[in-house]
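Okay, protein_4.cif now, which holds mmCIF, C-alpha atoms and all ligand atoms:
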```
data_data
loop_
_atom_site.label_atom_id
_atom_site.label_comp_id
_atom_site.auth_asym_id
_atom_site.auth_seq_id
_atom_site.Cartn_x
_atom_site.Cartn_y
_atom_site.Cartn_z
CA MET A 924 0.00 0.00 0.00
CA ARG A 925 1.15 3.49 -0.74
CA VAL A 926 0.46 6.11 1.85
CA PHE A 927 1.67 9.60 1.28
CA PRO A 928 2.46 12.12 3.98
CA LEU A 929 -0.19 14.79 4.14
CA SER A 930 2.19 17.51 3.02
CA LEU A 931 2.75 15.64 -0.23
CA LEU A 932 -0.83 14.76 -0.93
CA VAL A 933 -1.75 17.58 -3.25
CA LEU A 934 1.45 17.20 -5.20
CA ALA A 935 0.91 13.48 -5.48
CA VAL A 936 -2.62 13.88 -6.77
CA MET A 937 -1.50 16.39 -9.37
CA LEU A 938 1.42 14.39 -10.64
CA ALA A 939 0.39 10.85 -10.53
CA GLY A 940 -1.71 8.88 -12.85
CA CYS A 941 -3.47 5.69 -13.54
CA ALA A 942 -3.41 4.77 -10.38
CA SER A 943 -2.22 7.90 -9.32
CA PRO A 944 -1.53 7.37 -5.82
CA ALA A 945 -3.82 8.25 -3.43
CA VAL A 946 -4.84 8.43 0.06
CA PRO A 947 -6.81 6.55 2.55
CA THR A 948 -7.90 9.71 4.32
CA PRO A 949 -9.07 11.99 1.56
CA GLU A 950 -10.70 14.69 3.60
CA SER A 951 -7.43 16.56 3.30
CA VAL A 952 -7.10 16.04 -0.42
CA VAL A 953 -7.93 18.77 -2.86
CA PRO A 954 -10.25 17.24 -5.45
CA SER A 955 -9.00 17.33 -8.98
CA GLN A 956 -10.51 19.81 -11.37
CA ALA A 957 -12.38 17.00 -13.03
CA SER A 958 -13.87 15.72 -9.85
CA ALA A 959 -15.11 19.19 -9.01
CA THR A 960 -17.41 18.98 -12.00
CA ALA A 961 -18.52 15.47 -11.26
CA VAL A 962 -22.21 14.86 -11.41
CA GLY A 963 -22.03 12.92 -8.24
CA GLY A 964 -19.43 15.11 -6.65
CA THR A 965 -16.80 13.59 -4.49
CA ALA A 966 -17.85 10.54 -2.60
CA THR A 967 -18.66 10.65 1.04
CA PRO A 968 -18.99 7.33 2.74
CA GLU A 969 -21.85 8.41 4.95
CA SER A 970 -24.17 9.24 2.10
CA THR A 971 -23.35 6.11 0.22
CA ALA A 972 -24.13 3.92 3.15
CA THR A 973 -27.58 5.34 3.69
CA THR A 974 -28.70 5.28 0.08
CA GLN A 975 -27.41 1.84 -0.71
CA PRO A 976 -30.16 -0.52 -1.88
CA GLN A 977 -30.45 -3.63 0.21
CA PRO A 978 -29.85 -6.53 -2.12
CA SER A 979 -31.16 -9.98 -1.57
CA PRO A 980 -28.55 -12.72 -1.42
CA THR A 981 -30.16 -14.46 -4.39
CA ILE A 982 -27.68 -15.25 -7.10
CA SER A 983 -28.99 -15.13 -10.60
CA SER A 984 -28.43 -18.23 -12.62
CA THR A 985 -28.27 -16.29 -15.86
CA LEU A 986 -24.75 -14.91 -15.46
CA GLU A 987 -22.42 -16.44 -17.99
CA PHE A 988 -19.18 -14.48 -17.59
CA GLY A 989 -16.36 -16.99 -17.17
CA GLY A 990 -13.27 -16.27 -15.10
CA GLU A 991 -11.20 -18.90 -16.88
CA GLN A 992 -12.19 -17.52 -20.26
CA ALA A 993 -11.18 -14.06 -19.09
CA MET A 994 -7.86 -15.43 -17.84
CA ALA A 995 -7.12 -16.78 -21.30
CA LEU A 996 -7.93 -13.40 -22.82
CA ALA A 997 -5.51 -11.74 -20.39
CA GLN A 998 -2.82 -14.31 -21.05
CA HIS A 999 -3.03 -13.66 -24.76
CA GLN A 1000 -2.09 -10.04 -24.11
CA CYS A 1001 0.75 -10.97 -21.77
CA ASP A 1002 2.06 -13.31 -24.44
CA ILE A 1003 2.25 -10.38 -26.87
CA GLY A 1004 4.63 -8.68 -24.46
CA PRO A 1005 4.79 -5.01 -23.43
CA ARG A 1006 2.21 -2.96 -25.36
CA PRO A 1007 3.13 0.70 -24.93
CA THR A 1008 1.63 3.54 -26.96
CA GLY A 1009 3.33 3.88 -30.33
CA SER A 1010 4.55 0.27 -30.46
CA GLU A 1011 3.92 -2.49 -32.98
CA ALA A 1012 2.66 -4.64 -30.12
CA LEU A 1013 -0.03 -2.08 -29.38
CA ILE A 1014 -1.25 -2.28 -32.98
CA THR A 1015 -1.20 -6.07 -32.77
CA THR A 1016 -3.30 -5.85 -29.61
CA ARG A 1017 -5.70 -3.33 -31.12
CA ASP A 1018 -6.26 -5.54 -34.15
CA TRP A 1019 -6.85 -8.58 -31.94
CA ILE A 1020 -9.36 -6.69 -29.79
CA GLU A 1021 -11.17 -5.53 -32.88
CA ALA A 1022 -11.34 -9.06 -34.28
CA GLN A 1023 -12.66 -10.40 -30.98
CA LEU A 1024 -15.42 -7.79 -30.94
CA GLN A 1025 -16.41 -8.38 -34.53
CA ALA A 1026 -16.51 -12.13 -34.00
CA GLN A 1027 -19.11 -11.52 -31.29
CA GLY A 1028 -21.23 -9.33 -33.55
CA TRP A 1029 -20.13 -5.92 -32.33
CA GLN A 1030 -19.77 -2.94 -34.63
CA THR A 1031 -16.32 -1.45 -34.17
CA VAL A 1032 -15.14 2.13 -34.44
CA ARG A 1033 -11.52 3.24 -34.50
CA GLN A 1034 -10.23 6.55 -33.25
CA ASP A 1035 -6.76 7.33 -34.56
CA PHE A 1036 -4.85 10.52 -33.86
CA GLU A 1037 -1.40 11.77 -33.00
CA TYR A 1038 -0.32 13.33 -29.77
CA GLN A 1039 2.68 15.25 -28.59
CA ALA A 1040 2.93 16.59 -25.10
CA GLN A 1041 3.74 20.24 -24.59
CA GLY A 1042 7.46 20.37 -24.03
CA GLY A 1043 7.74 16.67 -24.84
CA GLN A 1044 9.85 15.00 -27.49
CA ALA A 1045 7.81 12.17 -28.96
CA ARG A 1046 4.86 12.65 -31.29
CA LEU A 1047 3.13 9.29 -31.30
CA PRO A 1048 0.07 7.75 -32.94
CA VAL A 1049 -2.76 6.91 -30.54
CA HIS A 1050 -5.37 4.27 -31.34
CA ASN A 1051 -8.64 3.87 -29.48
CA VAL A 1052 -11.15 1.22 -30.50
CA VAL A 1053 -14.78 0.84 -29.42
CA GLY A 1054 -17.30 -1.94 -29.81
CA ILE A 1055 -20.92 -0.83 -30.08
CA LYS A 1056 -24.05 -2.96 -29.91
CA GLY A 1057 -27.72 -2.12 -29.48
CA GLU A 1058 -29.83 1.00 -29.90
CA GLY A 1059 -31.00 3.39 -27.23
CA PRO A 1060 -29.62 5.02 -24.10
CA ALA A 1061 -25.96 4.03 -23.86
CA LEU A 1062 -23.74 2.64 -21.15
CA LEU A 1063 -19.98 2.66 -21.69
CA ILE A 1064 -17.51 0.27 -20.11
CA GLY A 1065 -13.88 1.24 -20.64
CA ALA A 1066 -10.39 -0.12 -20.07
CA HIS A 1067 -6.94 0.90 -21.27
CA PHE A 1068 -5.05 -1.56 -23.43
CA ASP A 1069 -1.71 0.21 -23.54
CA THR A 1070 0.93 -0.67 -20.99
CA ARG A 1071 3.41 1.51 -19.16
CA PRO A 1072 6.62 2.02 -21.16
CA GLN A 1073 8.74 2.25 -18.01
CA ALA A 1074 8.50 0.29 -14.78
CA ASP A 1075 9.22 3.39 -12.76
CA GLN A 1076 8.22 1.77 -9.49
CA ASP A 1077 10.56 -1.16 -10.04
CA PRO A 1078 13.50 -1.13 -7.64
CA ASN A 1079 15.86 -2.85 -10.08
CA GLN A 1080 14.95 -2.09 -13.69
CA PRO A 1081 12.88 1.09 -13.80
CA GLN A 1082 13.65 1.74 -17.48
CA GLN A 1083 12.15 -1.53 -18.71
CA PRO A 1084 8.58 -1.67 -20.06
CA ILE A 1085 6.02 -3.59 -18.01
CA ILE A 1086 3.96 -6.54 -19.22
CA GLY A 1087 0.86 -5.12 -17.59
CA GLY A 1088 -0.89 -8.32 -16.60
CA ASN A 1089 -3.11 -6.44 -14.19
CA ASP A 1090 -2.48 -2.85 -15.34
CA GLY A 1091 -3.82 -3.28 -18.87
CA ALA A 1092 -4.58 -6.90 -19.68
CA SER A 1093 -7.06 -7.56 -16.86
CA GLY A 1094 -9.47 -4.78 -17.81
CA VAL A 1095 -9.34 -5.65 -21.50
CA ALA A 1096 -9.99 -9.30 -20.66
CA VAL A 1097 -13.10 -8.37 -18.69
CA LEU A 1098 -14.45 -6.25 -21.53
CA LEU A 1099 -13.86 -8.94 -24.13
CA GLU A 1100 -15.48 -11.65 -22.03
CA LEU A 1101 -18.42 -9.28 -21.55
CA ALA A 1102 -18.56 -8.90 -25.33
CA ARG A 1103 -19.16 -12.64 -25.51
CA THR A 1104 -21.61 -13.01 -22.65
CA ILE A 1105 -23.88 -10.03 -22.15
CA ASP A 1106 -27.49 -10.08 -23.30
CA ILE A 1107 -28.21 -6.44 -24.03
CA PRO A 1108 -31.79 -5.56 -23.07
CA PRO A 1109 -34.12 -4.01 -25.64
CA GLY A 1110 -33.70 -0.26 -25.98
CA ARG A 1111 -30.14 -0.21 -24.66
CA GLN A 1112 -26.83 0.53 -26.35
CA VAL A 1113 -23.63 -0.81 -24.83
CA GLN A 1114 -20.21 0.57 -25.77
CA LEU A 1115 -17.04 -1.33 -24.91
CA ALA A 1116 -14.22 1.22 -25.10
CA PHE A 1117 -10.55 0.32 -25.31
CA PHE A 1118 -8.34 3.30 -24.55
CA ASP A 1119 -4.81 3.81 -25.77
CA ALA A 1120 -2.33 6.12 -24.02
CA GLU A 1121 -3.60 5.85 -20.48
CA ASP A 1122 -0.32 4.78 -18.99
CA ARG A 1123 2.29 7.11 -20.47
CA GLY A 1124 1.52 9.73 -17.88
CA GLY A 1125 4.49 11.46 -16.36
CA ILE A 1126 6.79 10.23 -19.12
CA ASP A 1127 8.02 12.74 -21.73
CA ASN A 1128 5.57 15.25 -20.27
CA TRP A 1129 2.56 13.14 -21.27
CA PRO A 1130 -0.51 13.29 -19.04
CA PHE A 1131 -2.45 10.16 -18.17
CA SER A 1132 -5.64 9.24 -20.08
CA VAL A 1133 -4.78 10.79 -23.45
CA GLY A 1134 -6.90 8.21 -25.28
CA ALA A 1135 -9.86 8.44 -22.91
CA ALA A 1136 -9.79 12.25 -23.05
CA HIS A 1137 -9.99 12.11 -26.84
CA MET A 1138 -12.93 9.72 -26.67
CA ALA A 1139 -14.79 11.74 -24.07
CA GLU A 1140 -14.51 14.75 -26.37
CA ASN A 1141 -15.34 12.73 -29.52
CA LEU A 1142 -18.01 10.26 -28.47
CA PRO A 1143 -18.15 7.32 -30.88
CA GLY A 1144 -21.81 6.52 -30.30
CA ALA A 1145 -24.75 7.76 -28.28
CA ARG A 1146 -23.76 9.91 -25.30
CA PRO A 1147 -23.42 7.46 -22.40
CA GLU A 1148 -25.76 7.76 -19.44
CA ALA A 1149 -23.00 6.28 -17.32
CA VAL A 1150 -19.40 5.15 -17.67
CA VAL A 1151 -17.59 2.42 -15.76
CA VAL A 1152 -13.81 2.21 -16.14
CA VAL A 1153 -12.13 -1.01 -15.03
CA ASP A 1154 -8.40 -0.91 -14.31
CA MET A 1155 -6.18 -3.26 -12.31
CA ILE A 1156 -9.09 -5.41 -11.21
CA GLY A 1157 -7.61 -8.90 -11.70
CA ASP A 1158 -5.23 -9.24 -8.75
CA ALA A 1159 -5.67 -12.66 -7.13
CA ASP A 1160 -5.64 -10.76 -3.84
CA GLN A 1161 -8.53 -8.57 -4.88
CA GLN A 1162 -9.58 -5.51 -2.90
CA ILE A 1163 -11.82 -3.10 -4.79
CA PHE A 1164 -12.81 -0.09 -2.71
CA ARG A 1165 -15.03 2.81 -3.74
CA GLU A 1166 -12.80 5.25 -5.61
CA ARG A 1167 -13.35 8.78 -4.37
CA ASN A 1168 -13.59 10.69 -7.66
CA SER A 1169 -16.34 8.32 -8.78
CA ASN A 1170 -20.06 8.96 -9.13
CA ILE A 1171 -21.87 7.88 -5.97
CA GLU A 1172 -25.06 6.59 -7.60
CA ILE A 1173 -23.23 4.32 -10.01
CA ASN A 1174 -21.06 3.01 -7.22
CA ASN A 1175 -24.19 2.35 -5.17
CA GLN A 1176 -25.51 0.20 -8.00
CA ILE A 1177 -22.26 -1.65 -8.55
CA PHE A 1178 -21.59 -2.40 -4.91
CA ALA A 1179 -25.20 -3.45 -4.33
CA ILE A 1180 -24.90 -5.95 -7.16
CA ALA A 1181 -21.57 -7.17 -5.78
CA ALA A 1182 -23.22 -7.76 -2.42
CA ARG A 1183 -26.13 -9.60 -4.02
CA LEU A 1184 -23.72 -11.89 -5.84
CA GLY A 1185 -21.81 -12.65 -2.66
CA TYR A 1186 -18.74 -10.65 -3.63
CA GLU A 1187 -18.69 -8.16 -0.78
CA GLY A 1188 -16.31 -8.47 2.15
CA GLN A 1189 -12.67 -8.12 3.16
CA THR A 1190 -11.73 -11.27 1.24
CA GLU A 1191 -14.57 -11.39 -1.29
CA GLY A 1192 -13.30 -8.78 -3.74
CA PHE A 1193 -15.50 -5.72 -3.20
CA ILE A 1194 -15.09 -3.68 -0.03
CA ASN A 1195 -17.87 -1.14 0.24
CA GLN A 1196 -15.84 1.72 1.66
CA PRO A 1197 -14.12 4.68 0.04
CA LYS A 1198 -10.34 4.55 0.08
CA TRP A 1199 -8.21 5.75 -2.82
CA THR A 1200 -8.44 8.87 -4.94
CA ILE A 1201 -7.29 7.96 -8.41
CA ILE A 1202 -6.52 9.82 -11.60
CA ASP A 1203 -7.74 7.47 -14.29
CA ASP A 1204 -9.79 7.19 -17.48
CA HIS A 1205 -13.07 8.06 -15.75
CA LEU A 1206 -12.06 11.68 -15.16
CA PRO A 1207 -12.30 12.88 -18.80
CA PHE A 1208 -15.91 11.66 -18.90
CA ILE A 1209 -16.73 13.34 -15.61
CA SER A 1210 -15.26 16.53 -17.06
CA GLN A 1211 -17.80 16.23 -19.89
CA GLY A 1212 -20.65 15.93 -17.40
CA ILE A 1213 -21.04 12.19 -17.85
CA PRO A 1214 -21.40 10.22 -14.59
CA ALA A 1215 -18.49 7.82 -14.30
CA ILE A 1216 -16.72 5.56 -11.86
CA ASP A 1217 -13.35 3.84 -11.68
CA LEU A 1218 -13.38 0.24 -10.53
CA ILE A 1219 -9.80 -0.28 -9.40
CA ASP A 1220 -7.82 -2.33 -6.91
CA PHE A 1221 -4.98 -0.05 -5.97
CA ASP A 1222 -3.76 -2.30 -3.15
CA TYR A 1223 -1.39 -3.92 -5.61
CA PRO A 1224 2.30 -4.12 -4.70
CA ALA A 1225 3.36 -4.93 -8.28
CA TRP A 1226 1.97 -1.63 -9.60
CA HIS A 1227 4.30 -0.21 -12.29
CA THR A 1228 6.94 -2.86 -11.67
CA LEU A 1229 8.17 -5.76 -13.78
CA ASP A 1230 6.23 -8.06 -11.45
CA ASP A 1231 2.95 -6.90 -12.96
CA THR A 1232 2.47 -10.01 -15.06
CA CYS A 1233 -0.41 -12.41 -15.70
CA GLN A 1234 0.97 -14.51 -12.84
CA GLN A 1235 -0.63 -11.97 -10.51
CA LEU A 1236 -4.15 -12.60 -11.79
CA GLY A 1237 -6.92 -14.76 -10.41
CA ALA A 1238 -9.77 -16.18 -12.47
CA LEU A 1239 -12.21 -15.60 -9.62
CA SER A 1240 -11.20 -11.94 -9.40
CA LEU A 1241 -11.89 -11.41 -13.08
CA GLU A 1242 -15.15 -13.31 -12.80
CA ARG A 1243 -16.41 -11.22 -9.89
CA VAL A 1244 -15.91 -7.95 -11.75
CA GLY A 1245 -17.22 -9.39 -14.99
CA ARG A 1246 -20.38 -10.80 -13.44
CA VAL A 1247 -21.14 -7.61 -11.55
CA LEU A 1248 -20.88 -5.69 -14.82
CA GLU A 1249 -22.83 -8.34 -16.70
CA PHE A 1250 -25.64 -8.01 -14.19
CA TRP A 1251 -25.50 -4.22 -14.29
CA LEU A 1252 -25.52 -4.02 -18.09
CA GLU A 1253 -28.48 -6.37 -18.35
CA GLN A 1254 -30.77 -4.28 -16.17
CA PRO A 1255 -33.95 -3.31 -18.05
CA VAL A 1256 -34.19 0.15 -19.54
CA GLY A 1257 -36.87 2.65 -18.77
CA GLN A 1258 -37.52 2.88 -15.06
CA GLY A 1259 -35.47 5.96 -14.43
CA TYR A 1260 -31.83 5.84 -13.59
CA LEU A 1261 -30.60 2.29 -13.77
CA PRO A 1262 -33.08 0.60 -11.47
CA LEU A 1263 -31.69 -2.41 -9.71
CA VAL A 1264 -34.12 -5.22 -10.22
CA LYS A 1265 -33.92 -8.92 -9.62
CA LYS A 1266 -32.70 -10.88 -12.58
CA GLU A 1267 -34.84 -13.91 -13.05
CA GLY A 1268 -33.01 -17.05 -13.94
ZN ZN B 1 -0.67 2.08 -14.75
#
```
Structure re-expressed in structure tokens:
Amino acid sequence: MRVFPLSLLVLAVMLAGCASPAVPTPESVVPSQASATAVGGTATPESTATTQPQPSPTISSTLEFGGEQAMALAQHQCDIGPRPTGSEALITTRDWIEAQLQAQGWQTVRQDFEYQAQGGQARLPVHNVVGIKGEGPALLIGAHFDTRPQADQDPNQPQQPIIGGNDGASGVAVLLELARTIDIPPGRQVQLAFFDAEDRGGIDNWPFSVGAAHMAENLPGARPEAVVVVDMIGDADQQIFRERNSNIEINNQIFAIAARLGYEGQTEGFINQPKWTIIDDHLPFISQGIPAIDLIDFDYPAWHTLDDTCQQLGALSLERVGRVLEFWLEQPVGQGYLPLVKKEG
């Protein structure tokens, strides 16, 4: 765990990225500019506790998301090797993602552009890809598929690129297994967004979330009613807390579903308490007035080190996140803001 002295908190929040470090006691943290415009504002644990729906322990039998299938999708990315922005491996990964989506009947949209940071050296191509299915009010699930070009938290080889088993591959794996398994309800559009250039932040003057920022400003489909970003969610030792820049209502829904599915608790994956404040791909959407959350497990010692490989992942961890999102995405449309109803098996 990374705990920063209070005097460094503001600096840390401004400088860090994907997982920009964070703080267990955020009352002293200055919210980012993006979070100040958040629809849900900054999270306060008290309000979330009182408005949380009380789920029944019934587990739906209709959930199909498979943890082992997701593991194989993550392993494929690890086998490609490091996948930093601007690399051939990133293009290989993008093309594979696109093929996976199309094989499951998703329309795909590419977003290609070039980016150079102010005062930076490299001008690099950036490649987002989105899968779109269904018509109607949209929900967007996003993950970054680029990996960090430098393991700057690694004590021994900080110049080497990371494999990104958890920080990259895990989120993509969840989205692709969702592409196979979700039954989109009538009148709903689902967008599966794969962001490039999340994890070059702080290198060559690049910010984090370059790809997500471009997408938030150039929406590829209907304007999403809600956005869920998944990042670093596959750690076998899974601990997903409520991220503090995230929209409270969406988090209420997600954590209520997690509880219903039996995934809530200190060792069950989802811990229904606020903890970290993270700069990640949800912030550009919040800046556009779109409610968004970041599902992230920042209690991850291998973060931005060469140890962040697919060896760190657990099939059950991927399955928990995938099934929660599967359940959430399959809620019927039309009863106001994402009503949580029982899924009949
Ligand atoms: Zn990262």
Using only C-alpha atoms and all ligand atoms, find each protein or nucleic acid residue lying at most 9 Å from ligand ZN 1 (chain B); present the set as a list in words.
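Those residues are Gly940, Cys941, Ala942, Ser943, Thr1070, Arg1071, Gly1087, Asn1089, Asp1090, Gly1091, Glu1121, Asp1122, Arg1123, Gly1124, Phe1131, Asp1154, Met1155, Asp1203, Trp1226 and His1227 of chain A.
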Could you save those same residues with C-alpha atoms as a PDB file, in the coordinates of the input?
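The new file part_12.pdb reads:
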```pdb
ATOM      1  CA  GLY A 940      -1.710   8.880 -12.850  1.00  0.00           C
ATOM      2  CA  CYS A 941      -3.470   5.690 -13.540  1.00  0.00           C
ATOM      3  CA  ALA A 942      -3.410   4.770 -10.380  1.00  0.00           C
ATOM      4  CA  SER A 943      -2.220   7.900  -9.320  1.00  0.00           C
ATOM      5  CA  THR A1070       0.930  -0.670 -20.990  1.00  0.00           C
ATOM      6  CA  ARG A1071       3.410   1.510 -19.160  1.00  0.00           C
ATOM      7  CA  GLY A1087       0.860  -5.120 -17.590  1.00  0.00           C
ATOM      8  CA  ASN A1089      -3.110  -6.440 -14.190  1.00  0.00           C
ATOM      9  CA  ASP A1090      -2.480  -2.850 -15.340  1.00  0.00           C
ATOM     10  CA  GLY A1091      -3.820  -3.280 -18.870  1.00  0.00           C
ATOM     11  CA  GLU A1121      -3.600   5.850 -20.480  1.00  0.00           C
ATOM     12  CA  ASP A1122      -0.320   4.780 -18.990  1.00  0.00           C
ATOM     13  CA  ARG A1123       2.290   7.110 -20.470  1.00  0.00           C
ATOM     14  CA  GLY A1124       1.520   9.730 -17.880  1.00  0.00           C
ATOM     15  CA  PHE A1131      -2.450  10.160 -18.170  1.00  0.00           C
ATOM     16  CA  ASP A1154      -8.400  -0.910 -14.310  1.00  0.00           C
ATOM     17  CA  MET A1155      -6.180  -3.260 -12.310  1.00  0.00           C
ATOM     18  CA  ASP A1203      -7.740   7.470 -14.290  1.00  0.00           C
ATOM     19  CA  TRP A1226       1.970  -1.630  -9.600  1.00  0.00           C
ATOM     20  CA  HIS A1227       4.300  -0.210 -12.290  1.00  0.00           C
TER      21      HIS A1227
END
```
Could you work out how far atom CA of Asp1160 of chain A lies from atom CA of Ala1116 of chain A, giving the answer in Å with one decimal?
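Taking atom CA of Ala1116 of chain A as the start and atom CA of Asp1160 of chain A as the end point, the length is 25.9 Å.
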Once 6 Å is added on each side, what are the centre and the three edge lengths, in Å to one decimal, of the axis-aligned box enclosing the listed atoms of segment 1028-1045 of chain A? Present them as lines of an AutoDock Vina configuration file.
```
center_x = -5.7
center_y = 5.5
center_z = -29.3
size_x = 43.1
size_y = 41.7
size_z = 22.6
```
Using only C-alpha atoms: which of A:Gly1059, A:Gly1088, A:Pro1224, A:Gly1192 has the shortest distance to Gly1110 of chain A
A:Gly1059
Take atom CA of Arg1103 of chain A and atom CA of Val1244 of chain A and report the distance between them in Å, one decimal.
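These two atoms are separated by 14.9 Å.
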